[in-house]
file start-v4.txt (compact mmCIF, C-alpha atoms)
# COMPACT_ATOMS: atom_id res chain seq x y z
CA MET D 1107 -2.69 23.82 -19.91
CA SER D 1108 -1.96 25.18 -16.43
CA ILE D 1109 1.08 24.05 -14.47
CA LEU D 1110 -1.14 22.14 -12.03
CA GLU D 1111 -2.70 20.16 -14.86
CA ASP D 1112 0.77 18.84 -15.68
CA PHE D 1113 0.67 16.97 -12.37
CA ALA D 1114 -2.73 15.33 -12.99
CA LEU D 1115 -3.13 11.63 -13.83
CA THR D 1116 -6.68 11.83 -15.14
CA GLY D 1117 -7.55 8.72 -17.13
CA LYS D 1118 -4.27 6.93 -16.38
CA ARG D 1119 -4.22 3.28 -15.34
CA ALA D 1120 -1.83 2.16 -12.62
CA VAL D 1121 -0.60 -1.02 -10.94
CA VAL D 1122 0.92 -0.94 -7.44
CA THR D 1123 2.55 -4.02 -5.92
CA GLY D 1124 2.65 -4.33 -2.17
CA GLY D 1125 -0.31 -1.98 -2.08
CA GLY D 1126 -2.18 -3.32 0.94
CA LYS D 1127 -0.64 -1.15 3.65
CA GLY D 1128 2.03 1.40 4.50
CA ILE D 1129 3.86 3.06 1.64
CA GLY D 1130 2.07 0.97 -1.00
CA ARG D 1131 -1.36 1.94 0.25
CA GLY D 1132 -0.32 5.58 0.38
CA ILE D 1133 0.96 5.41 -3.21
CA ALA D 1134 -2.19 3.73 -4.48
CA LEU D 1135 -4.44 6.33 -2.85
CA GLY D 1136 -2.21 9.18 -4.02
CA LEU D 1137 -2.39 8.00 -7.63
CA ALA D 1138 -6.17 7.73 -7.35
CA GLU D 1139 -6.46 11.21 -5.86
CA ALA D 1140 -4.48 12.49 -8.85
CA GLY D 1141 -7.02 10.89 -11.20
CA ALA D 1142 -5.74 7.39 -11.95
CA ASP D 1143 -7.60 4.10 -11.84
CA VAL D 1144 -5.55 1.64 -9.79
CA MET D 1145 -5.08 -2.09 -9.37
CA VAL D 1146 -3.45 -2.92 -6.05
CA SER D 1147 -1.69 -6.19 -5.41
CA ALA D 1148 -0.40 -7.90 -2.26
CA ARG D 1149 -0.53 -11.26 -0.50
CA SER D 1150 -3.35 -10.25 1.85
CA SER D 1151 -6.73 -10.17 0.12
CA ASP D 1152 -8.40 -8.35 3.02
CA GLN D 1153 -5.92 -5.50 2.91
CA ILE D 1154 -6.04 -4.88 -0.83
CA ASP D 1155 -9.82 -5.26 -0.92
CA ALA D 1156 -9.99 -2.43 1.62
CA VAL D 1157 -7.61 -0.24 -0.40
CA ALA D 1158 -9.56 -0.90 -3.61
CA ALA D 1159 -12.71 0.20 -1.78
CA GLU D 1160 -10.97 3.40 -0.67
CA ILE D 1161 -9.97 4.09 -4.27
CA SER D 1162 -13.55 3.58 -5.42
CA ALA D 1163 -14.72 5.98 -2.71
CA LEU D 1164 -12.46 8.60 -4.30
CA GLY D 1165 -14.43 8.25 -7.54
CA ARG D 1166 -11.84 6.16 -9.37
CA ARG D 1167 -11.88 2.51 -10.39
CA GLY D 1168 -10.12 0.38 -7.81
CA PHE D 1169 -9.27 -3.30 -8.25
CA ALA D 1170 -7.55 -5.85 -6.04
CA HIS D 1171 -5.41 -8.76 -7.22
CA THR D 1172 -3.93 -11.16 -4.70
CA ALA D 1173 -0.35 -12.17 -5.51
CA ASP D 1174 2.96 -13.08 -3.91
CA VAL D 1175 5.50 -11.32 -6.14
CA THR D 1176 8.16 -13.91 -5.28
CA GLU D 1177 6.14 -16.76 -6.79
CA GLU D 1178 6.82 -17.86 -10.36
CA GLY D 1179 4.30 -16.40 -12.78
CA ALA D 1180 2.61 -14.15 -10.19
CA LEU D 1181 3.69 -10.88 -11.79
CA ALA D 1182 2.78 -12.03 -15.30
CA ALA D 1183 -0.69 -12.91 -13.98
CA LEU D 1184 -0.93 -9.50 -12.32
CA GLY D 1185 -0.10 -7.78 -15.60
CA ALA D 1186 -2.71 -9.79 -17.47
CA ALA D 1187 -5.34 -9.07 -14.79
CA ALA D 1188 -4.58 -5.35 -14.90
CA VAL D 1189 -4.98 -5.22 -18.66
CA ALA D 1190 -8.26 -7.14 -18.41
CA GLU D 1191 -9.72 -4.93 -15.66
CA LEU D 1192 -8.22 -1.54 -16.50
CA GLY D 1193 -8.07 -1.88 -20.27
CA GLY D 1194 -4.32 -1.26 -20.29
CA ILE D 1195 -1.47 -0.03 -18.10
CA ASP D 1196 0.17 3.40 -18.08
CA ILE D 1197 1.93 3.35 -14.69
CA TRP D 1198 3.58 0.44 -12.90
CA VAL D 1199 4.92 0.86 -9.35
CA ASN D 1200 7.18 -1.86 -7.95
CA ASN D 1201 6.66 -1.23 -4.26
CA ALA D 1202 6.56 -4.73 -2.74
CA GLY D 1203 9.62 -5.29 -0.56
CA GLY D 1204 10.95 -5.15 2.96
CA LEU D 1205 12.40 -7.63 5.44
CA PRO D 1206 10.61 -10.95 4.81
CA ASP D 1207 10.92 -12.05 8.43
CA ALA D 1208 11.07 -8.53 9.97
CA THR D 1209 14.60 -9.34 11.15
CA ALA D 1210 17.59 -7.12 10.42
CA ARG D 1211 20.80 -9.10 9.84
CA TYR D 1212 24.55 -8.65 9.66
CA LEU D 1213 25.96 -9.67 6.27
CA THR D 1214 28.34 -12.10 7.98
CA ARG D 1215 25.49 -13.74 9.91
CA THR D 1216 22.97 -14.14 7.11
CA PRO D 1217 22.13 -17.76 6.18
CA ASP D 1218 21.88 -18.55 2.48
CA ASP D 1219 18.12 -18.99 2.58
CA ARG D 1220 17.62 -15.58 4.22
CA TRP D 1221 19.93 -13.94 1.66
CA ASP D 1222 17.94 -15.54 -1.14
CA GLY D 1223 14.67 -14.43 0.47
CA GLN D 1224 15.87 -10.82 0.64
CA LEU D 1225 17.06 -10.79 -2.97
CA ASP D 1226 13.97 -12.56 -4.27
CA LEU D 1227 11.64 -10.00 -2.70
CA ASN D 1228 13.65 -6.81 -3.00
CA LEU D 1229 15.45 -7.29 -6.31
CA LYS D 1230 14.25 -10.20 -8.42
CA ALA D 1231 10.59 -9.25 -8.00
CA VAL D 1232 11.41 -5.67 -9.05
CA TRP D 1233 13.24 -6.92 -12.15
CA LYS D 1234 10.40 -9.27 -13.07
CA GLY D 1235 7.86 -6.51 -12.45
CA CYS D 1236 9.75 -4.22 -14.81
CA VAL D 1237 9.86 -6.92 -17.49
CA VAL D 1238 6.12 -7.54 -17.21
CA ALA D 1239 5.36 -3.81 -17.16
CA ALA D 1240 7.48 -3.18 -20.24
CA SER D 1241 5.48 -5.79 -22.15
CA HIS D 1242 2.22 -3.93 -21.49
CA LEU D 1243 3.09 -0.23 -21.31
CA GLY D 1244 2.44 1.92 -24.35
CA ASP D 1245 4.14 5.14 -25.39
CA ASP D 1246 4.58 7.53 -22.44
CA GLY D 1247 4.34 4.65 -19.99
CA THR D 1248 6.27 4.88 -16.74
CA ILE D 1249 7.80 2.45 -14.27
CA ILE D 1250 8.59 3.61 -10.74
CA ASN D 1251 10.64 1.39 -8.44
CA ILE D 1252 10.61 1.95 -4.70
CA SER D 1253 14.19 1.78 -3.51
CA SER D 1254 15.55 2.85 -0.11
CA ASN D 1255 18.09 5.17 1.43
CA SER D 1256 19.60 1.91 2.73
CA ALA D 1257 21.05 1.46 -0.77
CA ASN D 1258 23.69 4.08 0.01
CA GLY D 1259 25.25 2.04 2.82
CA PRO D 1260 26.78 1.27 5.17
CA GLN D 1261 23.82 -0.50 6.76
CA LEU D 1262 24.75 -2.10 10.07
CA LYS D 1263 22.50 -5.14 10.59
CA ASN D 1264 20.66 -4.37 7.33
CA GLY D 1265 23.26 -5.37 4.75
CA PRO D 1266 21.26 -7.80 2.57
CA TYR D 1267 18.41 -5.32 2.22
CA GLY D 1268 20.77 -2.45 1.42
CA ALA D 1269 22.58 -4.53 -1.19
CA ALA D 1270 19.31 -5.45 -2.87
CA LYS D 1271 18.17 -1.84 -2.99
CA ALA D 1272 21.52 -0.69 -4.38
CA ALA D 1273 20.97 -3.18 -7.18
CA VAL D 1274 17.47 -1.78 -7.73
CA ASN D 1275 19.02 1.64 -8.33
CA SER D 1276 21.41 0.19 -10.91
CA LEU D 1277 18.60 -1.75 -12.55
CA THR D 1278 16.49 1.41 -12.73
CA ARG D 1279 19.20 3.40 -14.49
CA THR D 1280 19.93 0.62 -16.99
CA LEU D 1281 16.28 0.00 -17.83
CA SER D 1282 15.72 3.71 -18.34
CA VAL D 1283 18.15 3.49 -21.26
CA GLU D 1284 16.89 0.13 -22.55
CA LEU D 1285 13.27 1.29 -22.62
CA ALA D 1286 13.77 4.89 -23.78
CA PRO D 1287 12.17 6.81 -25.36
CA LYS D 1288 8.95 4.80 -25.10
CA VAL D 1289 8.92 4.19 -21.33
CA ARG D 1290 10.39 6.26 -18.50
CA VAL D 1291 11.94 4.39 -15.57
CA ASN D 1292 12.71 6.09 -12.24
CA ALA D 1293 12.98 5.19 -8.58
CA VAL D 1294 11.96 6.80 -5.32
CA SER D 1295 14.38 6.25 -2.45
CA PRO D 1296 12.66 6.80 0.92
CA GLY D 1297 14.39 7.51 4.16
CA PRO D 1298 12.87 6.15 7.39
CA VAL D 1299 9.09 5.96 7.03
CA LEU D 1300 6.88 4.90 9.93
CA THR D 1301 5.43 1.65 8.57
CA ASP D 1302 4.54 -1.61 10.34
CA ASN D 1303 7.66 -3.23 8.87
CA PHE D 1304 9.86 -0.39 10.16
CA ILE D 1305 8.34 -0.62 13.64
CA GLU D 1306 8.78 -4.42 13.75
CA SER D 1307 12.37 -4.40 12.51
CA VAL D 1308 13.75 -1.62 14.76
CA GLY D 1309 11.39 -1.73 17.76
CA TYR D 1310 10.29 1.89 17.41
CA GLU D 1311 8.62 2.52 20.76
CA GLY D 1312 9.24 3.93 24.23
CA GLU D 1313 12.85 4.73 25.13
CA ARG D 1314 14.05 3.03 21.95
CA LYS D 1315 12.00 5.51 19.89
CA GLU D 1316 13.78 8.43 21.57
CA MET D 1317 17.17 6.81 20.97
CA ILE D 1318 16.42 6.11 17.29
CA ASP D 1319 15.13 9.64 16.69
CA LYS D 1320 18.29 11.09 18.25
CA THR D 1321 20.58 8.76 16.28
CA MET D 1322 18.90 9.42 12.93
CA ARG D 1323 19.37 13.19 13.13
CA ILE D 1324 16.93 13.88 10.32
CA PRO D 1325 17.50 17.51 9.25
CA LEU D 1326 13.80 18.17 8.68
CA GLY D 1327 13.05 16.89 12.16
CA ARG D 1328 10.62 14.03 11.62
CA ILE D 1329 10.16 10.48 10.40
CA GLY D 1330 8.62 10.28 6.93
CA SER D 1331 5.06 9.29 6.06
CA ASP D 1332 3.49 7.29 3.26
CA ARG D 1333 2.11 10.57 1.87
CA ASP D 1334 5.63 11.92 1.44
CA ILE D 1335 6.46 8.98 -0.82
CA ALA D 1336 3.12 9.15 -2.64
CA HIS D 1337 3.78 12.77 -3.58
CA ALA D 1338 7.07 11.80 -5.21
CA VAL D 1339 5.49 8.89 -7.10
CA VAL D 1340 2.65 11.05 -8.42
CA PHE D 1341 5.18 13.57 -9.70
CA LEU D 1342 7.28 10.93 -11.48
CA ALA D 1343 4.17 9.34 -13.00
CA SER D 1344 2.78 12.65 -14.25
CA PRO D 1345 3.37 14.70 -17.41
CA ALA D 1346 5.30 17.14 -15.18
CA ALA D 1347 8.12 14.56 -15.19
CA SER D 1348 7.98 13.83 -18.93
CA TRP D 1349 11.70 14.72 -19.29
CA VAL D 1350 12.79 12.75 -16.23
CA THR D 1351 14.11 9.20 -16.53
CA GLY D 1352 16.87 7.12 -14.99
CA GLN D 1353 16.71 9.13 -11.76
CA ILE D 1354 16.70 8.09 -8.11
CA LEU D 1355 14.57 10.63 -6.26
CA HIS D 1356 15.66 10.72 -2.60
CA VAL D 1357 12.83 11.50 -0.19
CA THR D 1358 14.64 11.37 3.12
CA GLY D 1359 14.02 14.50 5.16
CA GLY D 1360 17.54 15.60 4.25
CA MET D 1361 19.46 12.52 5.41

call {"tool": "encode", "arguments": {"input": "start-v4.txt", "output": "structure tokens"}}
result
Amino acid sequence: MSILEDFALTGKRAVVTGGGKGIGRGIALGLAEAGADVMVSARSSDQIDAVAAEISALGRRGFAHTADVTEEGALAALGAAAVAELGGIDIWVNNAGGLPDATARYLTRTPDDRWDGQLDLNLKAVWKGCVVAASHLGDDGTIINISSNSANGPQLKNGPYGAAKAAVNSLTRTLSVELAPKVRVNAVSPGPVLTDNFIESVGYEGERKEMIDKTMRIPLGRIGSDRDIAHAVVFLASPAASWVTGQILHVTGGM
């Protein structure tokens, strides 16, 4: 087997939550390009239907399953649907997350309901996704959680999100031990990636864009893309990472 074949996902079956746009869409398409069949899930049927069609156009099987990962039973239903459509699951990516109301908040000014909303989406849904995935994955299965560089703190006006993602990192490391050696569990921790949620939450346009770019001081000189994150996920899902578990892979442009 050549070194490049170690990075292939031919015949693998993947689930991606939050796969309708942005990083999730990029991950779903990246997995398909590497050879996997993919079920994408999100709240918007139109978005995931379009992504599933793109996957099919790549010559892989693409399926869409509408779900709100914060609703009781939604992730269990997603797992059952993936098994029914794909015939099993080899890769599960917990990508769904973000700022539920696209509003960054100080920790001291966060109402209880907004705190709960952040934790439900960015932590509890990841935990539940891991539990569901673990019940379906066979030997050599892999779970990949999408964390954030915000987990490292301090995160002015983004404290609840950063706290949730820090917990995702801890959860990832603990599950990697609980599920070893059968299932590998890793996380990808993106830096700033130009997604709709990022643009909404920070107002990335005009003079503000120039100010944010200057403040970020990204050593590699640019904002990240969904492809940057997809590359990391494909690696962690592939045989090339067969001796990698419990790791948080930082994809941040050097931040």

call {"tool": "closest_atom_pairs", "arguments": {"input": "start-v4.txt", "of": "region 1180-1276 of chain D", "to": "region 1338-1341 of chain D", "cutoff": "9 Å", "atoms": "only C-alpha atoms", "output": "JSON lines"}}
result
{"residue": "D:Val1199", "atom": "CA", "partner": "D:Val1339", "partner_atom": "CA", "distance": 8.4}
{"residue": "D:Ile1250", "atom": "CA", "partner": "D:Val1339", "partner_atom": "CA", "distance": 7.1}
{"residue": "D:Ile1252", "atom": "CA", "partner": "D:Val1339", "partner_atom": "CA", "distance": 9.0}

call {"tool": "residues_around", "arguments": {"input": "start-v4.txt", "residues": "Ile1197 (chain D)", "least_positions_apart": "6", "cutoff": "7 Å", "atoms": "only C-alpha atoms", "output": "JSON list (two decimals) with C-alpha atoms, in the coordinates of the input"}}
result
[["chain", "number", "residue", "atom", "x", "y", "z"],
["D", 1119, "ARG", "CA", -4.22, 3.28, -15.34],
["D", 1120, "ALA", "CA", -1.83, 2.16, -12.62],
["D", 1121, "VAL", "CA", -0.60, -1.02, -10.94],
["D", 1247, "GLY", "CA", 4.34, 4.65, -19.99],
["D", 1248, "THR", "CA", 6.27, 4.88, -16.74],
["D", 1249, "ILE", "CA", 7.80, 2.45, -14.27],
["D", 1343, "ALA", "CA", 4.17, 9.34, -13.00]]

call {"tool": "closest_residue", "arguments": {"input": "start-v4.txt", "among": "D:Arg1167, D:His1242, D:Lys1234, D:Arg1211", "to": "Val1189 (chain D)", "atoms": "all atoms listed in the file"}}
result
D:His1242

call {"tool": "closest_residue", "arguments": {"input": "start-v4.txt", "among": "D:Val1237, D:Ile1335, D:Ala1347, D:Ala1173", "to": "Ser1254 (chain D)", "atoms": "only C-alpha atoms"}}
result
D:Ile1335

call {"tool": "closest_residue", "arguments": {"input": "start-v4.txt", "among": "D:Asp1302, D:Pro1217, D:Lys1288, D:Ile1324", "to": "Ser1348 (chain D)", "atoms": "all atoms listed in the file"}}
result
D:Lys1288

call {"tool": "closest_residue", "arguments": {"input": "start-v4.txt", "among": "D:Gly1117, D:Gly1235, D:Gly1352, D:Gly1193", "to": "Val1175 (chain D)", "atoms": "only C-alpha atoms"}}
result
D:Gly1235

call {"tool": "closest_residue", "arguments": {"input": "start-v4.txt", "among": "D:Ala1180, D:Leu1355, D:Ala1186, D:Leu1135", "to": "Ser1162 (chain D)", "atoms": "all atoms listed in the file"}}
result
D:Leu1135

call {"tool": "closest_residue", "arguments": {"input": "start-v4.txt", "among": "D:Gly1179, D:Gly1203, D:Gly1265, D:Gly1168", "to": "Lys1127 (chain D)", "atoms": "all atoms listed in the file"}}
result
D:Gly1203

call {"tool": "atom_distance", "arguments": {"input": "start-v4.txt", "atom1": "CA of Met1322 (chain D)", "atom2": "CA of Ser1295 (chain D)"}}
result
16.3 Å

call {"tool": "residues_near_point", "arguments": {"input": "start-v4.txt", "point": "(12.3, 11.5, -1.4)", "cutoff": "12 Å", "atoms": "all atoms listed in the file", "output": "ChimeraX atom specification"}}
result
/D:1252-1255,1293-1299,1330-1342,1353-1361

call {"tool": "closest_atom_pairs", "arguments": {"input": "start-v4.txt", "of": "region 1167-1195 of chain D", "to": "region 1225-1233 of chain D", "cutoff": "9 Å", "atoms": "only C-alpha atoms", "output": "tab-separated table"}}
result
residue	atom	partner	partner_atom	distance
D:Val1175	CA	D:Ala1231	CA	5.8
D:Thr1176	CA	D:Leu1227	CA	5.8
D:Glu1177	CA	D:Ala1231	CA	8.8
D:Leu1181	CA	D:Ala1231	CA	8.0

call {"tool": "atom_distance", "arguments": {"input": "start-v4.txt", "atom1": "CA of Pro1260 (chain D)", "atom2": "CA of Arg1220 (chain D)"}}
result
19.2 Å

call {"tool": "atom_distance", "arguments": {"input": "start-v4.txt", "atom1": "CA of Ser1147 (chain D)", "atom2": "CA of Ala1183 (chain D)"}}
result
10.9 Å

call {"tool": "residues_around", "arguments": {"input": "start-v4.txt", "residues": "Gly1268 (chain D)", "least_positions_apart": "2", "cutoff": "10 Å", "atoms": "all atoms listed in the file", "output": "list in words"}}
result
Gln1224, Asn1228, Ser1253, Ser1254, Asn1255, Ser1256, Ala1257, Asn1258, Gly1259, Pro1260, Gln1261, Leu1262, Lys1263, Asn1264, Gly1265, Pro1266, Ala1270, Lys1271, Ala1272, Ala1273 and Val1274 of chain D

call {"tool": "residues_around", "arguments": {"input": "start-v4.txt", "residues": "Ala1142 (chain D)", "least_positions_apart": "3", "cutoff": "6 Å", "atoms": "all atoms listed in the file", "output": "list in words"}}
result
Leu1115, Thr1116, Gly1117, Lys1118, Arg1119, Leu1137 and Ala1138 of chain D

call {"tool": "write_last_selection", "arguments": {"input": "start-v4.txt", "atoms": "C-alpha atoms", "output": "short mmCIF file (atom, residue, chain, number, x, y, z; two decimals), in the frame of the given file"}}
result
data_model
loop_
_atom_site.label_atom_id
_atom_site.label_comp_id
_atom_site.auth_asym_id
_atom_site.auth_seq_id
_atom_site.Cartn_x
_atom_site.Cartn_y
_atom_site.Cartn_z
CA LEU D 1115 -3.13 11.63 -13.83
CA THR D 1116 -6.68 11.83 -15.14
CA GLY D 1117 -7.55 8.72 -17.13
CA LYS D 1118 -4.27 6.93 -16.38
CA ARG D 1119 -4.22 3.28 -15.34
CA LEU D 1137 -2.39 8.00 -7.63
CA ALA D 1138 -6.17 7.73 -7.35
#
